[in-house]
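Q: Just target04.txt, nothing more (compact mmCIF, C-alpha atoms):
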# COMPACT_ATOMS: atom_id res chain seq x y z
CA MET A 187 107.64 93.87 107.21
CA GLU A 188 104.48 94.78 109.05
CA THR A 189 100.90 93.94 108.07
CA ILE A 190 97.73 96.00 108.48
CA ARG A 191 94.40 94.19 108.43
CA VAL A 192 91.36 95.90 106.91
CA ARG A 193 87.72 94.83 106.86
CA THR A 194 86.00 96.35 103.83
CA LYS A 195 82.27 96.95 103.93
CA ARG A 196 80.95 97.15 100.40
CA ILE A 197 81.58 95.67 96.94
CA SER A 198 83.55 98.82 96.10
CA ASP A 199 85.11 100.67 99.00
CA MET A 200 88.06 102.92 99.81
CA VAL A 201 89.38 102.65 103.37
CA ASN A 202 91.70 105.36 104.70
CA ILE A 203 94.76 103.63 106.22
CA THR A 204 96.98 106.71 106.60
CA GLY A 205 96.91 106.62 110.40
CA GLN A 206 98.01 102.99 110.55
CA VAL A 207 100.82 103.59 108.06
CA ARG A 208 101.99 106.63 110.06
CA GLU A 209 102.04 104.51 113.25
CA LEU A 210 104.24 101.87 111.61
CA ILE A 211 106.62 104.59 110.41
CA ALA A 212 106.85 106.08 113.91
CA LYS A 213 107.41 102.61 115.41
CA SER A 214 110.25 101.88 112.96
CA GLY A 215 112.37 104.73 114.29
CA ILE A 216 113.58 105.40 110.73
CA ALA A 217 113.86 109.10 109.96
CA GLU A 218 114.94 109.22 106.30
CA GLY A 219 113.85 106.71 103.71
CA ILE A 220 110.78 105.33 101.99
CA ALA A 221 107.78 103.23 102.97
CA VAL A 222 106.36 100.75 100.45
CA VAL A 223 102.66 100.01 101.05
CA PHE A 224 101.68 96.84 99.17
CA VAL A 225 98.37 95.00 98.71
CA PRO A 226 98.74 91.21 98.19
CA HIS A 227 95.40 90.91 96.36
CA THR A 228 94.35 91.02 92.70
CA THR A 229 90.89 92.60 93.08
CA ALA A 230 92.06 95.39 95.39
CA GLY A 231 94.66 98.13 95.11
CA VAL A 232 96.22 100.98 97.01
CA THR A 233 96.23 104.66 96.07
CA ILE A 234 96.74 108.15 97.47
CA ASN A 235 93.88 110.60 97.05
CA GLU A 236 91.82 113.28 98.80
CA ASN A 237 91.22 112.81 102.52
CA ALA A 238 88.77 115.66 103.10
CA ASP A 239 85.45 115.48 101.23
CA PRO A 240 84.15 111.86 101.24
CA ASP A 241 82.27 112.63 98.02
CA VAL A 242 85.60 112.32 96.19
CA VAL A 243 85.80 108.63 97.10
CA THR A 244 82.16 108.13 96.11
CA ASP A 245 82.77 109.81 92.75
CA ILE A 246 85.93 107.80 92.05
CA LEU A 247 84.22 104.47 92.75
CA MET A 248 81.11 105.42 90.76
CA LYS A 249 83.11 106.46 87.70
CA LEU A 250 85.47 103.46 87.78
CA ASP A 251 82.36 101.28 87.75
CA LYS A 252 81.13 102.97 84.60
CA ILE A 253 84.52 102.81 82.88
CA VAL A 254 84.99 99.05 83.31
CA MET A 255 81.35 98.16 83.53
CA GLU A 256 80.13 94.66 83.04
CA ASP A 257 80.65 93.39 79.52
CA ARG A 258 79.14 90.39 77.76
CA GLU A 259 82.57 89.57 76.44
CA TYR A 260 84.07 88.98 79.90
CA ARG A 261 85.04 85.32 80.11
CA HIS A 262 86.54 84.88 83.61
CA PHE A 263 84.33 82.37 85.41
CA GLU A 264 84.33 84.24 88.72
CA GLY A 265 82.55 87.20 87.12
CA ASN A 266 84.84 89.79 88.70
CA SER A 267 86.95 90.83 85.71
CA SER A 268 85.98 94.45 86.21
CA ALA A 269 87.61 94.31 89.67
CA HIS A 270 90.84 92.97 88.16
CA ILE A 271 90.91 95.84 85.65
CA LYS A 272 90.33 98.43 88.38
CA ALA A 273 93.21 96.82 90.30
CA LEU A 274 95.48 97.26 87.27
CA MET A 275 94.50 100.92 86.92
CA THR A 276 95.01 101.59 90.63
CA GLY A 277 98.23 99.69 91.21
CA SER A 278 99.26 97.24 93.91
CA SER A 279 101.55 99.58 95.86
CA VAL A 280 102.33 103.17 96.73
CA THR A 281 105.72 104.46 97.82
CA VAL A 282 105.86 107.27 100.34
CA ILE A 283 108.93 109.34 101.22
CA LEU A 284 109.97 109.62 104.90
CA SER A 285 111.72 112.76 106.08
CA GLY A 286 112.35 113.79 109.68
CA GLY A 287 110.69 110.57 110.84
CA LYS A 288 107.40 111.28 109.09
CA ALA A 289 105.63 110.41 105.85
CA VAL A 290 105.79 113.39 103.49
CA LEU A 291 102.19 113.68 102.31
CA GLY A 292 100.43 116.72 100.92
CA THR A 293 97.77 118.40 103.08
CA TRP A 294 94.92 116.71 101.24
CA GLN A 295 96.57 113.32 100.68
CA GLY A 296 95.42 110.13 102.38
CA ILE A 297 96.49 106.54 101.69
CA TYR A 298 93.58 104.28 100.73
CA LEU A 299 93.08 100.57 100.38
CA CYS A 300 90.80 100.27 97.32
CA GLU A 301 88.39 97.35 97.52
CA TYR A 302 86.83 96.27 94.21
CA ASP A 303 85.36 92.87 95.08
CA GLY A 304 84.24 93.09 98.68
CA PRO A 305 83.26 93.04 101.35
CA ARG A 306 86.32 91.06 102.47
CA ASP A 307 89.15 90.87 104.97
CA ARG A 308 92.21 92.39 103.29
CA LYS A 309 95.88 92.72 104.19
CA VAL A 310 98.25 95.58 103.48
CA HIS A 311 101.99 94.99 103.88
CA VAL A 312 104.32 97.86 104.78
CA LYS A 313 108.09 97.76 104.38
CA ILE A 314 110.25 100.68 105.45
CA ILE A 315 113.65 101.19 103.84
CA LYS A 316 116.20 103.42 105.53
CA ALA A 317 118.13 105.82 103.31
CA VAL A 318 121.73 105.09 104.22
CA ASP A 319 124.26 107.89 103.85
CA LYS A 320 128.03 108.00 104.04
CA SER A 321 128.10 108.67 107.77
CA ASP A 322 126.31 105.36 108.36
CA LEU A 323 128.89 103.31 106.48
CA LYS A 324 132.37 102.07 107.28
CA MET B 182 114.65 114.87 100.08
CA GLU B 183 114.74 117.48 97.34
CA THR B 184 111.81 119.37 95.83
CA ILE B 185 111.24 120.50 92.25
CA ARG B 186 108.78 123.30 91.65
CA VAL B 187 106.68 123.30 88.48
CA ARG B 188 104.31 125.93 87.10
CA THR B 189 101.68 124.27 84.95
CA LYS B 190 100.02 126.24 82.17
CA ARG B 191 96.70 124.65 81.33
CA ILE B 192 93.82 122.77 82.98
CA SER B 193 95.41 119.53 81.74
CA ASP B 194 99.14 119.58 81.16
CA MET B 195 102.15 117.26 81.16
CA VAL B 196 105.45 118.89 82.06
CA ASN B 197 108.71 117.05 81.32
CA ILE B 198 110.82 117.08 84.50
CA THR B 199 113.42 114.51 83.43
CA GLY B 200 116.26 117.04 83.33
CA GLN B 201 115.59 118.25 86.87
CA VAL B 202 115.37 114.69 88.19
CA ARG B 203 118.66 113.82 86.46
CA GLU B 204 120.33 116.86 88.04
CA LEU B 205 119.24 115.80 91.53
CA ILE B 206 120.58 112.29 90.89
CA ALA B 207 123.94 113.68 89.74
CA LYS B 208 124.10 116.00 92.76
CA SER B 209 123.44 113.12 95.19
CA GLY B 210 126.62 111.32 94.19
CA ILE B 211 124.78 108.00 94.53
CA ALA B 212 125.73 105.53 91.80
CA GLU B 213 123.53 102.49 92.50
CA GLY B 214 120.03 102.69 93.90
CA ILE B 215 116.60 104.07 93.15
CA ALA B 216 114.99 107.50 92.93
CA VAL B 217 111.40 107.93 94.08
CA VAL B 218 109.64 110.86 92.38
CA PHE B 219 106.50 111.78 94.35
CA VAL B 220 103.73 114.34 93.77
CA PRO B 221 102.10 115.65 97.02
CA HIS B 222 98.84 116.57 95.26
CA THR B 223 95.53 114.80 94.64
CA THR B 224 94.61 116.30 91.26
CA ALA B 225 98.03 115.73 89.70
CA GLY B 226 100.20 112.67 89.16
CA VAL B 227 103.55 111.59 87.80
CA THR B 228 104.22 109.19 84.94
CA ILE B 229 106.86 108.07 82.46
CA ASN B 230 105.95 108.30 78.79
CA GLU B 231 107.21 109.34 75.36
CA ASN B 232 109.57 112.30 75.23
CA ALA B 233 109.80 112.73 71.46
CA ASP B 234 106.57 113.58 69.62
CA PRO B 235 104.55 116.12 71.68
CA ASP B 236 101.38 114.77 70.02
CA VAL B 237 101.61 111.78 72.37
CA VAL B 238 101.02 114.06 75.36
CA THR B 239 98.17 115.81 73.55
CA ASP B 240 96.54 112.47 72.72
CA ILE B 241 96.92 111.14 76.27
CA LEU B 242 95.31 114.22 77.83
CA MET B 243 92.52 114.32 75.23
CA LYS B 244 91.62 110.66 75.75
CA LEU B 245 91.78 110.78 79.56
CA ASP B 246 89.31 113.69 79.37
CA LYS B 247 86.89 111.55 77.37
CA ILE B 248 87.29 108.52 79.66
CA VAL B 249 86.46 110.35 82.89
CA MET B 250 84.37 113.08 81.33
CA GLU B 251 82.04 115.20 83.36
CA ASP B 252 79.15 113.25 84.79
CA ARG B 253 75.90 114.46 86.31
CA GLU B 254 76.38 111.98 89.10
CA TYR B 255 79.58 113.61 90.37
CA ARG B 256 78.88 114.96 93.85
CA HIS B 257 82.19 116.54 94.98
CA PHE B 258 81.46 120.23 95.53
CA GLU B 259 84.69 121.46 93.94
CA GLY B 260 83.65 120.02 90.56
CA ASN B 261 87.03 118.42 89.89
CA SER B 262 86.24 114.74 90.49
CA SER B 263 87.48 113.88 87.01
CA ALA B 264 90.92 115.21 88.02
CA HIS B 265 90.95 112.99 91.11
CA ILE B 266 90.15 109.93 88.98
CA LYS B 267 92.90 110.77 86.49
CA ALA B 268 95.28 111.08 89.46
CA LEU B 269 94.31 107.57 90.62
CA MET B 270 94.90 106.15 87.13
CA THR B 271 98.25 107.91 86.78
CA GLY B 272 99.68 107.32 90.25
CA SER B 273 101.37 109.63 92.73
CA SER B 274 104.93 108.39 92.23
CA VAL B 275 107.35 106.75 89.85
CA THR B 276 110.43 104.80 90.89
CA VAL B 277 113.50 104.96 88.66
CA ILE B 278 116.55 102.71 88.89
CA LEU B 279 120.01 104.32 89.18
CA SER B 280 123.00 102.51 87.74
CA GLY B 281 126.47 103.95 87.18
CA GLY B 282 125.29 107.25 88.66
CA LYS B 283 122.49 107.72 86.15
CA ALA B 284 118.76 107.10 85.86
CA VAL B 285 118.16 104.04 83.68
CA LEU B 286 115.48 105.26 81.30
CA GLY B 287 114.62 103.92 77.86
CA THR B 288 115.51 106.06 74.84
CA TRP B 289 111.98 107.39 74.47
CA GLN B 290 111.15 107.72 78.17
CA GLY B 291 110.67 111.03 79.92
CA ILE B 292 109.35 111.72 83.43
CA TYR B 293 106.25 113.93 83.45
CA LEU B 294 104.31 115.81 86.08
CA CYS B 295 100.68 115.33 85.02
CA GLU B 296 98.46 118.31 85.83
CA TYR B 297 94.72 117.63 85.84
CA ASP B 298 93.35 120.71 87.58
CA GLY B 299 95.60 123.58 86.58
CA PRO B 300 97.10 125.90 85.96
CA ARG B 301 98.82 125.79 89.35
CA ASP B 302 102.13 125.81 91.15
CA ARG B 303 103.02 122.20 91.89
CA LYS B 304 105.75 120.45 93.86
CA VAL B 305 107.53 117.20 93.09
CA HIS B 306 109.57 115.53 95.84
CA VAL B 307 112.56 113.33 94.97
CA LYS B 308 114.19 110.88 97.39
CA ILE B 309 117.23 108.88 96.37
CA ILE B 310 117.97 105.59 98.12
CA LYS B 311 121.44 104.09 97.87
CA ALA B 312 121.64 100.34 97.24
CA VAL B 313 123.95 99.15 100.00
CA ASP B 314 126.02 96.04 99.36
CA LYS B 315 128.19 93.89 101.57
CA SER B 316 131.35 95.91 100.95
CA ASP B 317 129.62 98.96 102.45
CA LEU B 318 128.77 97.22 105.71
CA LYS B 319 130.76 96.28 108.78
CA MET C 191 120.76 95.89 88.10
CA GLU C 192 119.69 92.81 86.19
CA THR C 193 117.71 92.65 82.94
CA ILE C 194 115.09 90.12 81.84
CA ARG C 195 114.38 89.81 78.13
CA VAL C 196 110.86 89.02 76.96
CA ARG C 197 109.56 88.23 73.47
CA THR C 198 105.90 89.23 73.23
CA LYS C 199 103.67 87.45 70.74
CA ARG C 200 100.67 89.64 70.00
CA ILE C 201 99.74 93.33 69.66
CA SER C 202 98.41 93.17 73.22
CA ASP C 203 99.92 90.58 75.50
CA MET C 204 100.62 89.94 79.16
CA VAL C 205 103.66 87.76 79.89
CA ASN C 206 104.10 86.27 83.38
CA ILE C 207 107.64 87.05 84.54
CA THR C 208 107.22 86.09 88.20
CA GLY C 209 109.58 83.12 87.95
CA GLN C 210 112.40 85.19 86.46
CA VAL C 211 111.97 87.91 89.10
CA ARG C 212 112.03 85.28 91.86
CA GLU C 213 115.26 83.82 90.43
CA LEU C 214 116.96 87.22 90.49
CA ILE C 215 115.85 87.74 94.09
CA ALA C 216 117.26 84.34 95.11
CA LYS C 217 120.51 85.08 93.27
CA SER C 218 120.94 88.42 95.05
CA GLY C 219 121.18 86.77 98.45
CA ILE C 220 119.23 89.70 99.92
CA ALA C 221 116.71 88.60 102.55
CA GLU C 222 114.96 91.83 103.59
CA GLY C 223 114.26 94.70 101.21
CA ILE C 224 112.42 95.57 98.04
CA ALA C 225 112.69 94.71 94.35
CA VAL C 226 111.86 97.35 91.76
CA VAL C 227 110.73 95.86 88.44
CA PHE C 228 110.94 98.53 85.71
CA VAL C 229 110.01 98.54 82.01
CA PRO C 230 112.12 100.95 79.89
CA HIS C 231 109.42 101.29 77.21
CA THR C 232 106.55 103.72 76.57
CA THR C 233 104.06 101.36 74.95
CA ALA C 234 104.44 98.61 77.54
CA GLY C 235 104.01 98.47 81.32
CA VAL C 236 104.31 96.15 84.27
CA THR C 237 101.58 95.09 86.68
CA ILE C 238 100.64 92.49 89.25
CA ASN C 239 97.44 90.54 88.66
CA GLU C 240 95.87 87.08 88.74
CA ASN C 241 98.12 84.16 87.86
CA ALA C 242 95.50 81.40 87.79
CA ASP C 243 92.73 81.69 85.20
CA PRO C 244 94.19 82.97 81.88
CA ASP C 245 90.77 84.44 81.04
CA VAL C 246 91.56 87.28 83.46
CA VAL C 247 94.39 88.44 81.19
CA THR C 248 92.17 88.09 78.13
CA ASP C 249 89.43 90.15 79.79
CA ILE C 250 91.85 92.86 80.94
CA LEU C 251 93.36 93.31 77.48
CA MET C 252 89.93 93.25 75.78
CA LYS C 253 88.48 95.89 78.08
CA LEU C 254 91.55 98.18 77.95
CA ASP C 255 91.18 98.11 74.16
CA LYS C 256 87.61 99.29 74.43
CA ILE C 257 88.42 102.01 76.98
CA VAL C 258 91.14 103.69 74.91
CA MET C 259 89.88 102.59 71.54
CA GLU C 260 90.99 104.25 68.37
CA ASP C 261 89.85 107.81 68.09
CA ARG C 262 89.75 110.12 65.07
CA GLU C 263 91.23 112.82 67.22
CA TYR C 264 94.49 110.96 67.85
CA ARG C 265 97.29 112.95 66.26
CA HIS C 266 100.47 110.96 66.99
CA PHE C 267 101.92 109.94 63.63
CA GLU C 268 102.85 106.41 64.69
CA GLY C 269 99.18 105.56 65.30
CA ASN C 270 99.84 103.91 68.66
CA SER C 271 98.49 106.55 71.05
CA SER C 272 96.16 104.01 72.61
CA ALA C 273 99.22 101.97 73.64
CA HIS C 274 100.76 105.03 75.30
CA ILE C 275 97.57 105.63 77.30
CA LYS C 276 97.42 102.00 78.41
CA ALA C 277 101.06 102.35 79.53
CA LEU C 278 100.13 105.38 81.66
CA MET C 279 97.23 103.48 83.27
CA THR C 280 99.39 100.43 83.94
CA GLY C 281 102.55 102.11 85.17
CA SER C 282 106.21 101.56 84.30
CA SER C 283 107.21 99.76 87.49
CA VAL C 284 106.05 97.59 90.36
CA THR C 285 107.73 97.39 93.75
CA VAL C 286 107.69 94.07 95.58
CA ILE C 287 108.61 93.52 99.23
CA LEU C 288 111.26 90.87 100.09
CA SER C 289 111.04 89.07 103.39
CA GLY C 290 112.96 85.96 104.41
CA GLY C 291 114.73 86.01 101.03
CA LYS C 292 111.51 85.79 99.03
CA ALA C 293 109.10 88.12 97.24
CA VAL C 294 105.98 88.58 99.36
CA LEU C 295 103.21 88.01 96.81
CA GLY C 296 99.62 86.97 97.46
CA THR C 297 98.57 83.45 96.45
CA TRP C 298 96.94 84.66 93.24
CA GLN C 299 99.47 87.37 92.34
CA GLY C 300 101.79 87.16 89.35
CA ILE C 301 104.05 89.86 87.88
CA TYR C 302 103.27 90.61 84.25
CA LEU C 303 104.98 92.53 81.48
CA CYS C 304 102.09 94.23 79.65
CA GLU C 305 102.66 94.60 75.92
CA TYR C 306 100.45 97.15 74.16
CA ASP C 307 102.23 97.58 70.81
CA GLY C 308 103.73 94.20 69.97
CA PRO C 309 104.89 91.76 69.09
CA ARG C 310 108.35 92.99 70.12
CA ASP C 311 111.48 92.19 72.09
CA ARG C 312 111.16 93.91 75.46
CA LYS C 313 113.42 94.43 78.45
CA VAL C 314 112.53 94.47 82.13
CA HIS C 315 115.09 95.84 84.61
CA VAL C 316 115.17 94.59 88.19
CA LYS C 317 116.95 96.38 91.04
CA ILE C 318 117.00 94.91 94.53
CA ILE C 319 117.50 97.20 97.51
CA LYS C 320 118.57 95.73 100.84
CA ALA C 321 116.78 97.05 103.94
CA VAL C 322 119.66 98.04 106.19
CA ASP C 323 119.10 97.93 109.94
CA LYS C 324 121.12 99.13 112.90
CA SER C 325 123.03 95.87 113.26
CA ASP C 326 124.44 96.37 109.74
CA LEU C 327 125.83 99.82 110.46
CA LYS C 328 128.87 101.10 112.31
Will you turn the file into C-alpha cells for me?
A:
Amino acid sequence: METIRVRTKRISDMVNITGQVRELIAKSGIAEGIAVVFVPHTTAGVTINENADPDVVTDILMKLDKIVMEDREYRHFEGNSSAHIKALMTGSSVTVILSGGKAVLGTWQGIYLCEYDGPRDRKVHVKIIKAVDKSDLK
Amino acid sequence: METIRVRTKRISDMVNITGQVRELIAKSGIAEGIAVVFVPHTTAGVTINENADPDVVTDILMKLDKIVMEDREYRHFEGNSSAHIKALMTGSSVTVILSGGKAVLGTWQGIYLCEYDGPRDRKVHVKIIKAVDKSDLK
Amino acid sequence: METIRVRTKRISDMVNITGQVRELIAKSGIAEGIAVVFVPHTTAGVTINENADPDVVTDILMKLDKIVMEDREYRHFEGNSSAHIKALMTGSSVTVILSGGKAVLGTWQGIYLCEYDGPRDRKVHVKIIKAVDKSDLK
C-alpha cells in the first residue's frame, strides 16, 4: 500500500491526484489489474470527474453545498454534518482498471480528492491488485 | 479488460447491462473473484438497482433531476453541470462478487449504465480479478 | 465469500458492521489485499462514515430523507422510490484495503449497512482478494 499526502486549501475543495496515482501504478510494475484509491477520512471522499474546465469542480461544490445545506435539525456537536453527508454521496474509494501498465481512464476523467471540511492535511491510500491468469499459476 | 458498448436513447436514461456483464464473467472462466464494471465518462455513471418495475428507474431519474436542477449559478460553459453532479452521486464503477462462476446479485438487482447527458454512444469496461488461494500458489 | 446477517430496527437505520468485517478478514489469513463488502439489496446500501458520535448517523438519515422526500410524481407501486434513490447515492459496495492482515481504516471510520426501507433482515457479502506478488508466482 502506498499513501499520497494532499494539502487542501478551502472548506470545500477538489484536488486532482491523477498524476500521483499514475506514478504509483507505473512504479508497481503491474500491467493488468486494478488500483483501489481510498480516503481514510469521514468528511472527505474520492471521485472521478472532468479534468478540463475547472468550472465543473466549482459547480459541483456549489451545488452539493445547496443540497445538504446547513439545517437547524443537525445535532452533531462538531457542526460538520453536511460534510459527512457529502462524503456518503461521494464515496470513500474509486477503483480504476489497469491495462497495459496504465490506468484506463476516459479522455476527460481525472481522479479527485474531495475535501468537505478543510483546509486540512489529507491522506489517500492506493493499493494495486494484479490480475493473475493461468500462466502465472502452478 | 473487455468493453461493452451502449447506445443511450434519452437525455437521462438507465440501461440494464446485467446480461452483458454476466456473459463476460462466464467467458472468463473465473469462478471466484470480483468483476469491476467501470464507465470512462464524466456525465454518466454505473449503479445497481431494481430490475423489475421500470417505474423505479423513471422515479430515480425524475428525482435526481429535481435534486440537481438547473441553477443560475452554474458556470460550466457546456451547460451540463447537473450531469456531472449526478455522475459524482452515482459513481464511476461498481464491484460485483463472483462465486461459483457467477455474479452474486440479489434477486431484484440489475447493473445499470446511468446516462445523464445523452443520447450518446457509451462504453463500459469490465475487468475480472481472480481470487487466488494457497492451492494456486507455489 | 462470507455473509453477514443484519437485523435492522427502523425504516431508516445505519448498523455498524466494522467488527464483523474485521473478524472475516482475520479469519481469512490474508495479509495484503482488498475486501469487497457488498449489499445484495436495492433499498439498502453500504458506506463508511463516522463511528464516534451517533448524532452523525442521525443527521445523515434525517437529511437524506429531506433530499429525496416523498414526491407526488413517484410512480413505483411499492411506494419506496425514495429508498431506491438513497441506495443509488450510497452505493452497493465499499472496498477496503488490507495491509499487515488488517483493514486500513481511518481512526473515525466505521463500515455501515444503510437501511432505507426497514426494518428487515439484510445480508452483507464479503469477498477478500489477496494481492499476489512476484514471490507468490512460479
Q: Do you have the CA of Leu245 (chain B)-CA of Thr276 (chain B) distance handy?
A: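 The value is 22.6 Å.
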Q: I'd like the contact shell of Gly223 (chain C) - 12 Å cut-off, all atoms listed in the file, skipping same-chain residues fewer than 2 positions apart - returned as a PDB file with C-alpha atoms, in the coordinates of the input.
A:
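Resulting contents of selection09.pdb:
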ATOM      1  CA  MET A 187     107.640  93.870 107.210  1.00  0.00           C
ATOM      2  CA  ILE A 220     110.780 105.330 101.990  1.00  0.00           C
ATOM      3  CA  ALA A 221     107.780 103.230 102.970  1.00  0.00           C
ATOM      4  CA  VAL A 222     106.360 100.750 100.450  1.00  0.00           C
ATOM      5  CA  VAL A 312     104.320  97.860 104.780  1.00  0.00           C
ATOM      6  CA  LYS A 313     108.090  97.760 104.380  1.00  0.00           C
ATOM      7  CA  ILE A 314     110.250 100.680 105.450  1.00  0.00           C
ATOM      8  CA  ILE A 315     113.650 101.190 103.840  1.00  0.00           C
ATOM      9  CA  LYS A 316     116.200 103.420 105.530  1.00  0.00           C
ATOM     10  CA  ALA A 317     118.130 105.820 103.310  1.00  0.00           C
TER      11      ALA A 317
ATOM     12  CA  ILE B 310     117.970 105.590  98.120  1.00  0.00           C
ATOM     13  CA  ALA B 312     121.640 100.340  97.240  1.00  0.00           C
ATOM     14  CA  VAL B 313     123.950  99.150 100.000  1.00  0.00           C
ATOM     15  CA  ASP B 314     126.020  96.040  99.360  1.00  0.00           C
TER      16      ASP B 314
ATOM     17  CA  ILE C 215     115.850  87.740  94.090  1.00  0.00           C
ATOM     18  CA  SER C 218     120.940  88.420  95.050  1.00  0.00           C
ATOM     19  CA  GLY C 219     121.180  86.770  98.450  1.00  0.00           C
ATOM     20  CA  ILE C 220     119.230  89.700  99.920  1.00  0.00           C
ATOM     21  CA  ALA C 221     116.710  88.600 102.550  1.00  0.00           C
ATOM     22  CA  ALA C 225     112.690  94.710  94.350  1.00  0.00           C
ATOM     23  CA  VAL C 226     111.860  97.350  91.760  1.00  0.00           C
ATOM     24  CA  THR C 285     107.730  97.390  93.750  1.00  0.00           C
ATOM     25  CA  VAL C 286     107.690  94.070  95.580  1.00  0.00           C
ATOM     26  CA  ILE C 287     108.610  93.520  99.230  1.00  0.00           C
ATOM     27  CA  LEU C 288     111.260  90.870 100.090  1.00  0.00           C
ATOM     28  CA  SER C 289     111.040  89.070 103.390  1.00  0.00           C
ATOM     29  CA  GLY C 290     112.960  85.960 104.410  1.00  0.00           C
ATOM     30  CA  GLY C 291     114.730  86.010 101.030  1.00  0.00           C
ATOM     31  CA  LYS C 292     111.510  85.790  99.030  1.00  0.00           C
ATOM     32  CA  ALA C 293     109.100  88.120  97.240  1.00  0.00           C
ATOM     33  CA  VAL C 294     105.980  88.580  99.360  1.00  0.00           C
ATOM     34  CA  LYS C 317     116.950  96.380  91.040  1.00  0.00           C
ATOM     35  CA  ILE C 318     117.000  94.910  94.530  1.00  0.00           C
ATOM     36  CA  ILE C 319     117.500  97.200  97.510  1.00  0.00           C
ATOM     37  CA  LYS C 320     118.570  95.730 100.840  1.00  0.00           C
ATOM     38  CA  ALA C 321     116.780  97.050 103.940  1.00  0.00           C
ATOM     39  CA  VAL C 322     119.660  98.040 106.190  1.00  0.00           C
ATOM     40  CA  ASP C 323     119.100  97.930 109.940  1.00  0.00           C
TER      41      ASP C 323
END
Q: Do you know which residues are at most 10 Å from Val227 (chain B) counting all atoms listed in the file, after dropping those on the same chain fewer than 3 positions away, and could you put them as an mmCIF file with C-alpha atoms, in the frame of the given file?
A:
data_model
loop_
_atom_site.group_PDB
_atom_site.id
_atom_site.type_symbol
_atom_site.label_atom_id
_atom_site.label_comp_id
_atom_site.auth_asym_id
_atom_site.auth_seq_id
_atom_site.Cartn_x
_atom_site.Cartn_y
_atom_site.Cartn_z
ATOM 1 C CA MET B 195 102.150 117.260 81.160
ATOM 2 C CA VAL B 196 105.450 118.890 82.060
ATOM 3 C CA ASN B 197 108.710 117.050 81.320
ATOM 4 C CA ILE B 198 110.820 117.080 84.500
ATOM 5 C CA VAL B 218 109.640 110.860 92.380
ATOM 6 C CA PHE B 219 106.500 111.780 94.350
ATOM 7 C CA VAL B 220 103.730 114.340 93.770
ATOM 8 C CA ASN B 230 105.950 108.300 78.790
ATOM 9 C CA ALA B 268 95.280 111.080 89.460
ATOM 10 C CA THR B 271 98.250 107.910 86.780
ATOM 11 C CA GLY B 272 99.680 107.320 90.250
ATOM 12 C CA SER B 273 101.370 109.630 92.730
ATOM 13 C CA SER B 274 104.930 108.390 92.230
ATOM 14 C CA VAL B 275 107.350 106.750 89.850
ATOM 15 C CA ILE B 292 109.350 111.720 83.430
ATOM 16 C CA TYR B 293 106.250 113.930 83.450
ATOM 17 C CA LEU B 294 104.310 115.810 86.080
ATOM 18 C CA CYS B 295 100.680 115.330 85.020
ATOM 19 C CA GLU B 296 98.460 118.310 85.830
ATOM 20 C CA VAL B 305 107.530 117.200 93.090
ATOM 21 C CA LEU C 278 100.130 105.380 81.660
ATOM 22 C CA GLY C 281 102.550 102.110 85.170
#
Q: Counting only C-alpha atoms, which residues of chain B come no farther than 6 Å from chain C, as a list in words?
A: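 Listed by rising number, the hits are Asn230, Glu231, Asp236, Val237, Asp240, Ile241, Met270, Thr271, Leu286, Gly287, Ala312 and Leu318 of chain B.
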Q: Step by step: start from the point (106.5, 122.0, 91.9) in the file's coordinates, keep every protein, DNA or RNA residue that has an atom no farther than 7 Å from it, count only C-alpha atoms, and write the set as a short mmCIF file (atom, residue, chain, number, x, y, z; two decimals) with C-alpha atoms, in the coordinates of the input.
A:
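Saved result, part_16.cif, follows:
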data_model
loop_
_atom_site.label_atom_id
_atom_site.label_comp_id
_atom_site.auth_asym_id
_atom_site.auth_seq_id
_atom_site.Cartn_x
_atom_site.Cartn_y
_atom_site.Cartn_z
CA ILE B 185 111.24 120.50 92.25
CA ARG B 186 108.78 123.30 91.65
CA VAL B 187 106.68 123.30 88.48
CA ARG B 188 104.31 125.93 87.10
CA ASP B 302 102.13 125.81 91.15
CA ARG B 303 103.02 122.20 91.89
CA LYS B 304 105.75 120.45 93.86
CA VAL B 305 107.53 117.20 93.09
#
Q: Mind giving me the straight-line distance from CA of Val247 (chain C) to CA of Thr194 (chain A) in Å, one decimal?
A: 25.4 Å
Q: CA of Gln299 (chain C) and CA of Gln290 (chain B) are how many Å apart?
A: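 These atoms are spaced 27.4 Å apart.
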Q: Hey, can I get the axis-aligned box for region 248-256 of chain A? All listed atoms, 4 Å padding on each side, centre and edge lengths in Å to one decimal, as AutoDock Vina command-line options.
A:
--center_x 82.8 --center_y 100.6 --center_z 86.8 --size_x 13.3 --size_y 19.8 --size_z 15.9
Q: Return the single residue from A:Glu188, A:Lys320, A:Gly296, A:Pro240 that is closest to Thr204 (chain A), with distances computed using all atoms listed in the file.
A: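 With all atoms listed in the file as the atom set, the closest residue is A:Gly296.
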Q: Find the residues around Leu251 (chain C) up to 8 Å (all atoms listed in the file counted), leave out those fewer than 4 positions away in its own chain, and share them as an mmCIF file with C-alpha atoms, in the frame of the given file.
A:
data_model
loop_
_atom_site.group_PDB
_atom_site.id
_atom_site.type_symbol
_atom_site.label_atom_id
_atom_site.label_comp_id
_atom_site.auth_asym_id
_atom_site.auth_seq_id
_atom_site.Cartn_x
_atom_site.Cartn_y
_atom_site.Cartn_z
ATOM 1 C CA SER C 202 98.410 93.170 73.220
ATOM 2 C CA ASP C 203 99.920 90.580 75.500
ATOM 3 C CA VAL C 247 94.390 88.440 81.190
ATOM 4 C CA ASP C 255 91.180 98.110 74.160
#
Q: Which of these, A:Glu218, A:Asn237, A:Lys249, A:Arg306, has the shortest distance to Gly205 (chain A) once you count only C-alpha atoms?
A: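 Of A:Glu218, A:Asn237, A:Lys249, A:Arg306, the one nearest Gly205 (chain A) is A:Asn237, counting only C-alpha atoms.
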